[in-house]
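Q: Handing you this structure, nothing more for now.
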Amino acid sequence: MKHALVTGGSRGIGRAVCIKLARMGYQVIINYVSRPEEAQKTLELVREAGQDGELLPFDVSRHEEVCAAIDEWESRHPDEYIEVLVNNAGIRSDSVLAFMPDKDWHRVVDTTLAGFYNVTQTLLPPMLTHKYGRIVNMASVSGLKGQPGQTNYSAAKGGLIATTKALALEVARKQVTVNAVAPGFIETDMTADLDGTALKNIIPLQRFGRPEEVAELVGFLASPQAGYITGEVVSINGGLHT
Ligand code: NAP
């Protein structure tokens with residue numbers, strides 16, 4: 001039995017990644033924080049894809065909550081481990097820095113960076129012991145080039161890219177790979193409030209990406225076939241930033 005955990009698997013890109021990993025033969029652990037009905041729908045889609053899965057709710061930014069949930073999972077699966085981790089949970093809360101409320105800075109940075117730390121640190125030891133693991137972090141074009149109105153989000157995703165590279169070097173000799181994916185504009189709830197018509201004009205491919213397209217890339221990086229790729233950031237942005 002091979003297990004994969006996707007944080008923020010209830011909707012959008014995370015849901016598409018769950019389905020892709022199920023098609024690859026993984027039992028998928030679907031994390032979410034606030035939308036159980038959406039997580040349940042993802043679980044049904046995972047089952048339609050031919051694998052079983054389970055829901056594992058926790059707020060990635062809360063250390064004790066993460067540890068308690070993963071400890072409980074491990075106690076139910078004493079002889080198994082989670083060999084694929086997709087750190088996908090993320091939020092945006094945009095405003096120019098001059099007017100950014102303190103809580104919006106911390107919420108956005110903590111969801112991505114504390115979330116990465118909390119979940120990855122908990123799941124890493126068994127990957128190292130088994131000398132096999134795949135970690136894929138969901139960054140963003142904003143973390144590569146910086147985006148006005150998104151200093152918090154750019155800091156979070158830029159930090160995630162840096163920690164991807166650092167951790168990749170730490171764990172490479174144990175055959176654990178760590179990579180990041182940096183999407184541009186993808187059609188999900190997160191981008192539903194954006195002016196699609198105006199934005200499509202600045203995207204060379206003239207359209208937003210689909211969650212399934214990102215999931216294909218994540219699936220490859222999570223596969224055994226990608227075993228010689230580590231510490232990389234792979235863009236998927238329709239040519240927006242090269
Ligand atoms: P989305 O549709 O808004 O979904 C966000 C997901 O993250 C949901 O499953 C949500 O769970 C979960 N989540 C949020 N905060 C969480 C927390 N504290 N703990 C656990 N789960 C949490 O977003 P998306 O567009 O699919 O984005 C997924 C990832 O891709 C994010 O990291 C985002 O920054 C990144 N990204 C997106 C785009 C884009 O254009 N869409 C571009 C670049 C990067 P609930 O359903 O329970 O709320």
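Each chain in the structure tokens gets a letter, A, B and so on, in the order shown; residues start at 1 in every chain, and ligands are counted from 1 in the order they appear.
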Residues within 7 Å of ligand 1 (only C-alpha atoms and all ligand atoms), as a VMD selection string?
A: chain A and resid 7 to 14 31 to 36 38 to 39 58 to 61 88 to 92 111 to 112 138 to 141 182 to 191
Q: So which residues touch A:Ala69 within 9 Å, counting only C-alpha atoms, skipping near sequence neighbours fewer than 5 positions away, as a PyMOL selection string?
A: chain A and resi 56-58+64+74
Q: Stretch 16-226 of chain A: which residues are strand (DSSP E or B) by DSSP, as a list in words?
A: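 So, restricting stretch 16-226 of chain A to strand (DSSP E or B), we get Gln27, Val28, Ile29, Ile30, Gly53, Glu54, Leu55, Ile82, Glu83, Val84, Leu85, Val86, Asn87, Gly133, Arg134, Ile135, Val136, Asn137, Met138, Val176, Thr177, Val178, Asn179, Ala180, Val181, Ala182, Pro183, Ile186 and Gly209 of chain A.
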Q: Using only C-alpha atoms, which protein or nucleic acid residues come within 12 Å of stretch 220-229 of chain A? Drop anything in the same chain fewer than 2 positions from it, and give the result as a ChimeraX atom specification.
A: /A:2-6,17-18,20-26,83-87,131-138,165,168-169,172-181,213-218,231-234
Q: For A:Gly158, which residue among A:Ile29, A:Val109, A:Gln121, A:Arg207 is the nearest when counting only C-alpha atoms?
A: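 Ranking A:Ile29, A:Val109, A:Gln121, A:Arg207 by distance to A:Gly158, first place goes to A:Val109.
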Q: Using DSSP on the backbone, list every residue of chain A that comes out as alpha helix (DSSP H), and give them as a PyMOL selection string.
A: chain A and resi 12-23+36-48+63-76+102-109+115-130+141-145+151-171+196-200+211-221
Q: Report the closest atom pair, with its distance in Å rounded to one decimal, for each residue of stretch 125-149 of chain A that has an atom no farther than 12 Å from stretch 97-103 of chain A; count only C-alpha atoms, sort by chain and then rising residue number, and write it as JSON lines.
A:
```
{"residue": "A:Gln147", "atom": "CA", "partner": "A:Leu97", "partner_atom": "CA", "distance": 11.4}
{"residue": "A:Pro148", "atom": "CA", "partner": "A:Leu97", "partner_atom": "CA", "distance": 8.8}
{"residue": "A:Gly149", "atom": "CA", "partner": "A:Leu97", "partner_atom": "CA", "distance": 7.0}
```
Q: Could you write out that same residue set with all heavy atoms as a PDB file, in the first residue's frame?
A:
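What follows is the written file part.pdb:
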```
ATOM      1  N   GLN A 147       5.303  40.159  -6.961  1.00  0.00           N
ATOM      2  CA  GLN A 147       4.058  40.672  -7.562  1.00  0.00           C
ATOM      3  C   GLN A 147       3.562  41.834  -6.702  1.00  0.00           C
ATOM      4  O   GLN A 147       3.355  41.654  -5.497  1.00  0.00           O
ATOM      5  CB  GLN A 147       3.033  39.524  -7.562  1.00  0.00           C
ATOM      6  CG  GLN A 147       1.787  39.770  -8.347  1.00  0.00           C
ATOM      7  CD  GLN A 147       2.050  39.876  -9.843  1.00  0.00           C
ATOM      8  OE1 GLN A 147       3.050  39.399 -10.364  1.00  0.00           O
ATOM      9  NE2 GLN A 147       1.159  40.556 -10.537  1.00  0.00           N
ATOM     10  N   PRO A 148       3.371  43.028  -7.289  1.00  0.00           N
ATOM     11  CA  PRO A 148       2.855  44.142  -6.478  1.00  0.00           C
ATOM     12  C   PRO A 148       1.477  43.810  -5.926  1.00  0.00           C
ATOM     13  O   PRO A 148       0.663  43.177  -6.619  1.00  0.00           O
ATOM     14  CB  PRO A 148       2.798  45.314  -7.470  1.00  0.00           C
ATOM     15  CG  PRO A 148       2.843  44.693  -8.821  1.00  0.00           C
ATOM     16  CD  PRO A 148       3.570  43.388  -8.687  1.00  0.00           C
ATOM     17  N   GLY A 149       1.221  44.219  -4.699  1.00  0.00           N
ATOM     18  CA  GLY A 149      -0.052  43.875  -4.052  1.00  0.00           C
ATOM     19  C   GLY A 149      -0.016  42.513  -3.386  1.00  0.00           C
ATOM     20  O   GLY A 149      -0.996  42.085  -2.785  1.00  0.00           O
TER      21      GLY A 149
END
```
Q: Using only C-alpha atoms, which residue out of A:Arg15, A:Asp195, A:Asn237, A:Ala68 lies closest to A:Asn118?
A: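 Of the candidates, the smallest distance to A:Asn118 is held by A:Ala68.
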